[in-house]
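Structure data (mmCIF, C-alpha atoms and all ligand atoms) from data-v9.cif:
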data_my_file
#
loop_
_atom_site.label_atom_id
_atom_site.label_comp_id
_atom_site.auth_asym_id
_atom_site.auth_seq_id
_atom_site.Cartn_x
_atom_site.Cartn_y
_atom_site.Cartn_z
CA MET A 26 -57.27 -78.93 -76.79
CA THR A 27 -54.15 -80.91 -75.87
CA PRO A 28 -51.13 -79.66 -77.80
CA ASN A 29 -48.78 -82.13 -79.36
CA ILE A 30 -45.53 -80.37 -78.53
CA SER A 31 -42.13 -81.98 -78.46
CA ALA A 32 -39.29 -80.53 -76.41
CA SER A 33 -36.93 -78.24 -78.30
CA THR A 34 -33.86 -80.04 -79.61
CA ALA A 35 -32.10 -76.77 -80.41
CA SER A 36 -28.36 -76.71 -79.94
CA ASN A 37 -28.03 -72.94 -79.76
CA LYS A 38 -30.10 -69.94 -78.79
CA ALA A 39 -30.92 -68.73 -82.32
CA GLU A 40 -32.26 -72.20 -83.16
CA PHE A 41 -34.10 -72.29 -79.86
CA TYR A 42 -35.99 -69.10 -80.66
CA GLN A 43 -36.95 -70.45 -84.10
CA ASP A 44 -38.33 -73.61 -82.43
CA LEU A 45 -39.99 -71.52 -79.74
CA GLU A 46 -42.13 -69.68 -82.27
CA LEU A 47 -43.45 -73.01 -83.55
CA GLN A 48 -43.96 -74.37 -80.05
CA ILE A 49 -45.91 -71.31 -78.96
CA GLN A 50 -47.98 -71.48 -82.13
CA GLY A 51 -48.64 -75.13 -81.21
CA VAL A 52 -49.79 -74.52 -77.63
CA THR A 53 -51.97 -71.57 -78.65
CA ASP A 54 -53.61 -73.43 -81.55
CA GLY A 55 -57.37 -73.34 -80.89
CA GLN A 56 -56.83 -71.50 -77.58
CA ARG A 57 -57.17 -67.72 -77.11
CA ASN A 58 -57.45 -67.42 -73.31
CA TRP A 59 -54.62 -65.11 -72.18
CA VAL A 60 -54.05 -66.84 -68.81
CA THR A 61 -53.76 -70.23 -70.48
CA ASN A 62 -51.50 -69.04 -73.29
CA LEU A 63 -49.18 -66.98 -71.08
CA ALA A 64 -48.90 -69.88 -68.60
CA ASN A 65 -47.82 -72.34 -71.29
CA SER A 66 -45.53 -69.78 -72.93
CA SER A 67 -43.78 -69.12 -69.59
CA ALA A 68 -43.16 -72.86 -69.22
CA LEU A 69 -41.82 -73.23 -72.77
CA ILE A 70 -39.45 -70.28 -72.40
CA TYR A 71 -38.27 -71.12 -68.86
CA HIS A 72 -37.47 -74.78 -69.43
CA GLY A 73 -36.27 -74.40 -73.03
CA LEU A 74 -33.94 -71.48 -72.37
CA ARG A 75 -32.46 -73.04 -69.23
CA ASP A 76 -31.74 -76.23 -71.19
CA VAL A 77 -30.16 -74.58 -74.22
CA THR A 78 -28.14 -71.88 -72.43
CA GLU A 79 -27.34 -73.82 -69.23
CA LYS A 80 -27.63 -70.44 -67.51
CA PRO A 81 -29.35 -70.10 -64.13
CA ILE A 82 -32.46 -68.37 -65.46
CA ASN A 83 -34.61 -68.19 -62.33
CA TRP A 84 -37.81 -66.44 -63.39
CA VAL A 85 -39.86 -66.17 -66.59
CA GLY A 86 -43.31 -64.64 -66.58
CA PHE A 87 -45.73 -61.91 -67.36
CA TYR A 88 -47.19 -58.82 -65.74
CA VAL A 89 -50.39 -57.44 -67.27
CA LEU A 90 -52.34 -54.17 -66.96
CA ASP A 91 -54.02 -53.94 -63.56
CA GLN A 92 -57.69 -53.13 -64.10
CA SER A 93 -58.55 -53.03 -60.39
CA LEU A 94 -57.52 -49.38 -60.01
CA PRO A 95 -60.46 -46.98 -59.48
CA PRO A 96 -61.67 -45.33 -62.72
CA SER A 97 -60.62 -41.94 -61.26
CA SER A 98 -57.00 -43.10 -60.99
CA THR A 99 -54.63 -41.44 -63.41
CA LYS A 100 -51.81 -43.90 -62.80
CA GLU A 101 -51.29 -47.13 -64.69
CA ALA A 102 -49.97 -50.26 -63.03
CA LEU A 103 -49.04 -53.86 -63.73
CA ILE A 104 -50.18 -56.94 -61.85
CA LEU A 105 -48.52 -60.34 -61.68
CA GLY A 106 -49.64 -62.81 -64.33
CA PRO A 107 -48.66 -66.39 -65.21
CA PHE A 108 -45.01 -67.27 -64.50
CA GLN A 109 -42.42 -69.95 -63.74
CA GLY A 110 -40.11 -69.39 -60.78
CA LYS A 111 -40.32 -68.25 -57.19
CA VAL A 112 -43.05 -66.07 -55.66
CA ALA A 113 -42.79 -62.53 -57.10
CA CYS A 114 -43.89 -58.95 -56.41
CA THR A 115 -47.58 -58.59 -57.24
CA ASN A 116 -48.01 -54.92 -58.21
CA ILE A 117 -45.68 -52.62 -60.15
CA ASP A 118 -46.55 -49.04 -61.13
CA PHE A 119 -45.70 -47.86 -64.63
CA GLY A 120 -42.32 -46.14 -64.40
CA ARG A 121 -41.10 -48.25 -61.47
CA GLY A 122 -38.39 -50.89 -61.70
CA VAL A 123 -37.32 -52.58 -64.90
CA CYS A 124 -40.85 -53.82 -65.69
CA GLY A 125 -42.54 -50.49 -65.04
CA THR A 126 -39.92 -48.67 -67.10
CA ALA A 127 -40.37 -51.04 -70.07
CA ALA A 128 -44.14 -50.49 -69.76
CA ALA A 129 -43.92 -46.69 -69.46
CA GLU A 130 -41.44 -46.33 -72.31
CA ALA A 131 -42.94 -49.13 -74.47
CA ARG A 132 -39.51 -50.56 -75.22
CA THR A 133 -37.38 -53.52 -74.25
CA MET A 134 -35.07 -53.15 -71.26
CA LEU A 135 -31.99 -55.37 -71.60
CA VAL A 136 -30.28 -55.04 -68.22
CA LYS A 137 -26.93 -56.81 -68.08
CA ASP A 138 -26.43 -56.01 -64.39
CA VAL A 139 -29.50 -55.13 -62.33
CA HIS A 140 -27.34 -53.31 -59.79
CA ASP A 141 -26.63 -50.70 -62.46
CA PHE A 142 -30.36 -50.05 -63.00
CA PRO A 143 -31.64 -47.37 -60.62
CA GLY A 144 -34.90 -48.47 -59.05
CA HIS A 145 -34.60 -52.13 -59.95
CA ILE A 146 -37.10 -54.12 -57.86
CA ALA A 147 -35.39 -57.13 -56.29
CA CYS A 148 -38.19 -59.69 -56.01
CA ASP A 149 -35.47 -62.31 -55.69
CA ALA A 150 -32.07 -61.17 -54.40
CA ALA A 151 -30.49 -63.97 -56.44
CA SER A 152 -31.27 -62.19 -59.74
CA ASN A 153 -28.38 -60.30 -61.36
CA SER A 154 -29.59 -59.65 -64.91
CA GLU A 155 -32.96 -59.15 -66.49
CA ILE A 156 -34.77 -58.55 -69.77
CA VAL A 157 -38.26 -57.06 -70.02
CA VAL A 158 -40.19 -56.88 -73.30
CA PRO A 159 -43.44 -54.90 -73.53
CA LEU A 160 -46.63 -56.41 -74.95
CA VAL A 161 -48.10 -53.73 -77.20
CA LEU A 162 -51.63 -53.89 -78.63
CA ASP A 163 -52.65 -51.14 -81.05
CA GLY A 164 -49.97 -48.84 -79.63
CA ARG A 165 -50.94 -49.46 -76.00
CA VAL A 166 -48.80 -51.40 -73.52
CA ILE A 167 -51.01 -54.17 -72.05
CA GLY A 168 -48.31 -56.09 -70.20
CA VAL A 169 -44.68 -57.17 -70.15
CA LEU A 170 -42.70 -60.38 -70.52
CA ASP A 171 -39.97 -60.52 -67.84
CA LEU A 172 -36.99 -62.88 -67.52
CA ASP A 173 -34.42 -62.95 -64.69
CA CYS A 174 -31.07 -64.69 -64.47
CA GLU A 175 -28.82 -65.31 -61.47
CA VAL A 176 -25.66 -64.27 -63.34
CA THR A 177 -24.80 -60.91 -64.90
CA GLU A 178 -25.12 -60.74 -68.71
CA GLY A 179 -27.65 -63.56 -68.64
CA PHE A 180 -29.37 -62.16 -71.73
CA ASP A 181 -28.22 -60.58 -74.97
CA GLU A 182 -29.50 -59.17 -78.25
CA VAL A 183 -30.38 -62.68 -79.52
CA ASP A 184 -32.77 -63.04 -76.58
CA GLN A 185 -34.14 -59.57 -77.22
CA ALA A 186 -34.90 -60.33 -80.88
CA GLY A 187 -36.43 -63.75 -80.07
CA LEU A 188 -38.54 -62.51 -77.17
CA GLU A 189 -39.81 -59.50 -79.11
CA VAL A 190 -41.15 -61.92 -81.76
CA VAL A 191 -42.83 -63.97 -79.00
CA ALA A 192 -44.38 -60.85 -77.43
CA LYS A 193 -45.73 -59.66 -80.77
CA TYR A 194 -47.19 -63.08 -81.54
CA LEU A 195 -48.87 -63.48 -78.12
CA VAL A 196 -50.51 -60.05 -78.28
CA GLN A 197 -52.37 -61.16 -81.41
CA ALA A 198 -52.93 -64.79 -80.31
CA CYS A 199 -54.89 -63.99 -77.12
CA ASP A 200 -58.21 -62.50 -76.09
CA TRP A 201 -57.32 -59.95 -73.40
CA ARG A 202 -60.68 -59.94 -71.58
CA GLY A 203 -60.07 -58.63 -68.05
CA VAL A 204 -56.80 -56.93 -69.05
CA ILE A 205 -58.11 -54.29 -71.48
N1 LIG B 301 -37.11 -57.00 -61.18
C1 LIG B 301 -38.38 -56.53 -61.67
C2 LIG B 301 -39.51 -56.97 -60.78
C3 LIG B 301 -40.18 -58.22 -61.21
S1 LIG B 301 -39.32 -59.59 -60.82
O1 LIG B 301 -38.00 -59.58 -61.41
C4 LIG B 301 -40.15 -60.98 -61.18
C5 LIG B 301 -38.36 -55.04 -61.84
O2 LIG B 301 -37.39 -54.36 -61.46
O3 LIG B 301 -39.33 -54.50 -62.37
#

Would you write the structure of this file as structure tokens?
Ligand code: SME
Amino acid sequence: MTPNISASTASNKAEFYQDLELQIQGVTDGQRNWVTNLANSSALIYHGLRDVTEKPINWVGFYVLDQSLPPSSTKEALILGPFQGKVACTNIDFGRGVCGTAAAEARTMLVKDVHDFPGHIACDAASNSEIVVPLVLDGRVIGVLDLDCEVTEGFDEVDQAGLEVVAKYLVQACDWRGVI
């Protein structure tokens, strides 16, 4: 199905996140494939947020549960999913970096300066702030939504609230075959 989505005309971030909900509902209408829906959601967030904030947001994407670990493995890990931005690290163990910490603790990490976060994984040395929101299905973390910005304090509580709504919506809007 081809979505009929117009670019966000929001003039501020709160408005942008209200529009974003509708845009993501639009692109996921009649489509439940997780790769497809996370790919389009990354594009909507990356381009829309860069336009409205004029901040150098340099990466927006998803990591999902890695199911390629042997069944005997007791560790959980994330693997790179759909994204917008430069090439990124492919595998992140739960508990490692900002993404792995958000996954292990099942809570959003709003990191105003990545240099203050012990264990931050610098996929791109240009990144200075980051926000990671877990995707939680029936109490289980199945992935994370990750955004990076080249300046410190690139993200705030408005982003956190807006992105948590997006994460919650996407968990329900997709079939997670291959991830869970
Ligand atoms: N900085 C992340 C790694 C992923 S990239 O930013 C795309 C982390 O510390 O988990």

Self-check item: Top pick for closest residue to A:Lys38, considering A:Trp59, A:Phe180, A:Phe142, A:Phe87 and counting only C-alpha atoms
Solution: A:Phe180

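Where the distance criterion is 8 Å and the atoms used are only C-alpha atoms and all ligand atoms, the residues close to ligand LIG 301 (chain B) are Trp84, Val85, Gly86, Ala113, Cys114, Ile117, Arg121, Gly122, Val123, Cys124, Gly125, Thr126, Val139, Gly144, His145, Ile146, Ala147, Cys148, Asp149, Ser152, Glu155, Asp171, Leu172 and Asp173 of chain A.
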
Practice problem: Pick out the residues sitting within 8 Å of stretch 55-58 of chain A, and hand them over as a list in words; count all atoms listed in the file, and ignore anything fewer than 3 positions along from it in its own chain. | Solution: Met26, Val52, Thr61, Asn62, Ala198, Cys199, Asp200 and Trp201 of chain A

Exercise. Measuring atom to atom with all atoms listed in the file, identify which of A:Ile156, A:Ala129, A:Leu103, A:Ile167 is nearest to A:Asp184.
Key: A:Ile156

Quiz item: Which is closer to A:Pro159 than all the others in A:Met134, A:Leu47, A:Ala128, A:Val183, using only C-alpha atoms?
Solution: A:Ala128

Self-check item: Contacts of A:Ser93 at 12 Å (only C-alpha atoms; same-chain gap of 2+ positions) as a VMD selection string
Solution: chain A and resid 89 to 91 95 to 98 100 to 104 116 203 to 205

Quiz item: Quick one: of A:Val136, A:Leu160, A:Leu74, A:Leu105, who's nearest to A:Ser33, counting all atoms listed in the file?
Solution: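 Going through A:Val136, A:Leu160, A:Leu74, A:Leu105 one by one, the smallest distance to A:Ser33 is for A:Leu74.
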
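Among the candidate residues A:Gly73, A:Gly120, A:Gly187, A:Gly110, the one lying nearest to A:Pro143 is A:Gly120, with distances computed using only C-alpha atoms.
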
Quiz prompt | Interatomic distance, atom CA of A:Asn153 to atom CA of A:Gln48 (Å, one decimal) | solution = 28.1 Å

Quiz item: Please, what distance in Å, to one decimal, runs between atom CA of A:Ala64 and atom CA of A:His140?
Solution: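 Atom CA of A:Ala64 sits 28.6 Å away from atom CA of A:His140.
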
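If you count all atoms listed in the file and draw a sphere of 10 Å around (-40.3, -74.7, -81.1), the protein and nucleic acid residues inside it come out as Ile30, Ser31, Ala32, Ser33, Thr34, Ala35, Glu40, Phe41, Tyr42, Gln43, Asp44, Leu45, Glu46, Leu47, Gln48, Ile49, Gln50, Gly51, Leu69, Ile70 and Gly73 of chain A.
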
Kindly write stretch 103-114 of chain A with C-alpha atoms to a file, as an mmCIF file, in the first residue's frame.
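Contents of decode13.cif, as written:
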data_model
loop_
_atom_site.group_PDB
_atom_site.id
_atom_site.type_symbol
_atom_site.label_atom_id
_atom_site.label_comp_id
_atom_site.auth_asym_id
_atom_site.auth_seq_id
_atom_site.Cartn_x
_atom_site.Cartn_y
_atom_site.Cartn_z
ATOM 1 C CA LEU A 103 20.513 -6.379 20.134
ATOM 2 C CA ILE A 104 21.166 -6.325 16.404
ATOM 3 C CA LEU A 105 21.024 -3.368 14.046
ATOM 4 C CA GLY A 106 17.650 -2.771 12.416
ATOM 5 C CA PRO A 107 16.290 -0.144 10.002
ATOM 6 C CA PHE A 108 17.855 3.317 10.364
ATOM 7 C CA GLN A 109 18.719 6.662 8.763
ATOM 8 C CA GLY A 110 22.286 7.910 9.087
ATOM 9 C CA LYS A 111 25.803 6.590 8.751
ATOM 10 C CA VAL A 112 26.890 2.949 9.074
ATOM 11 C CA ALA A 113 26.486 1.837 12.717
ATOM 12 C CA CYS A 114 27.632 -0.867 15.143
#
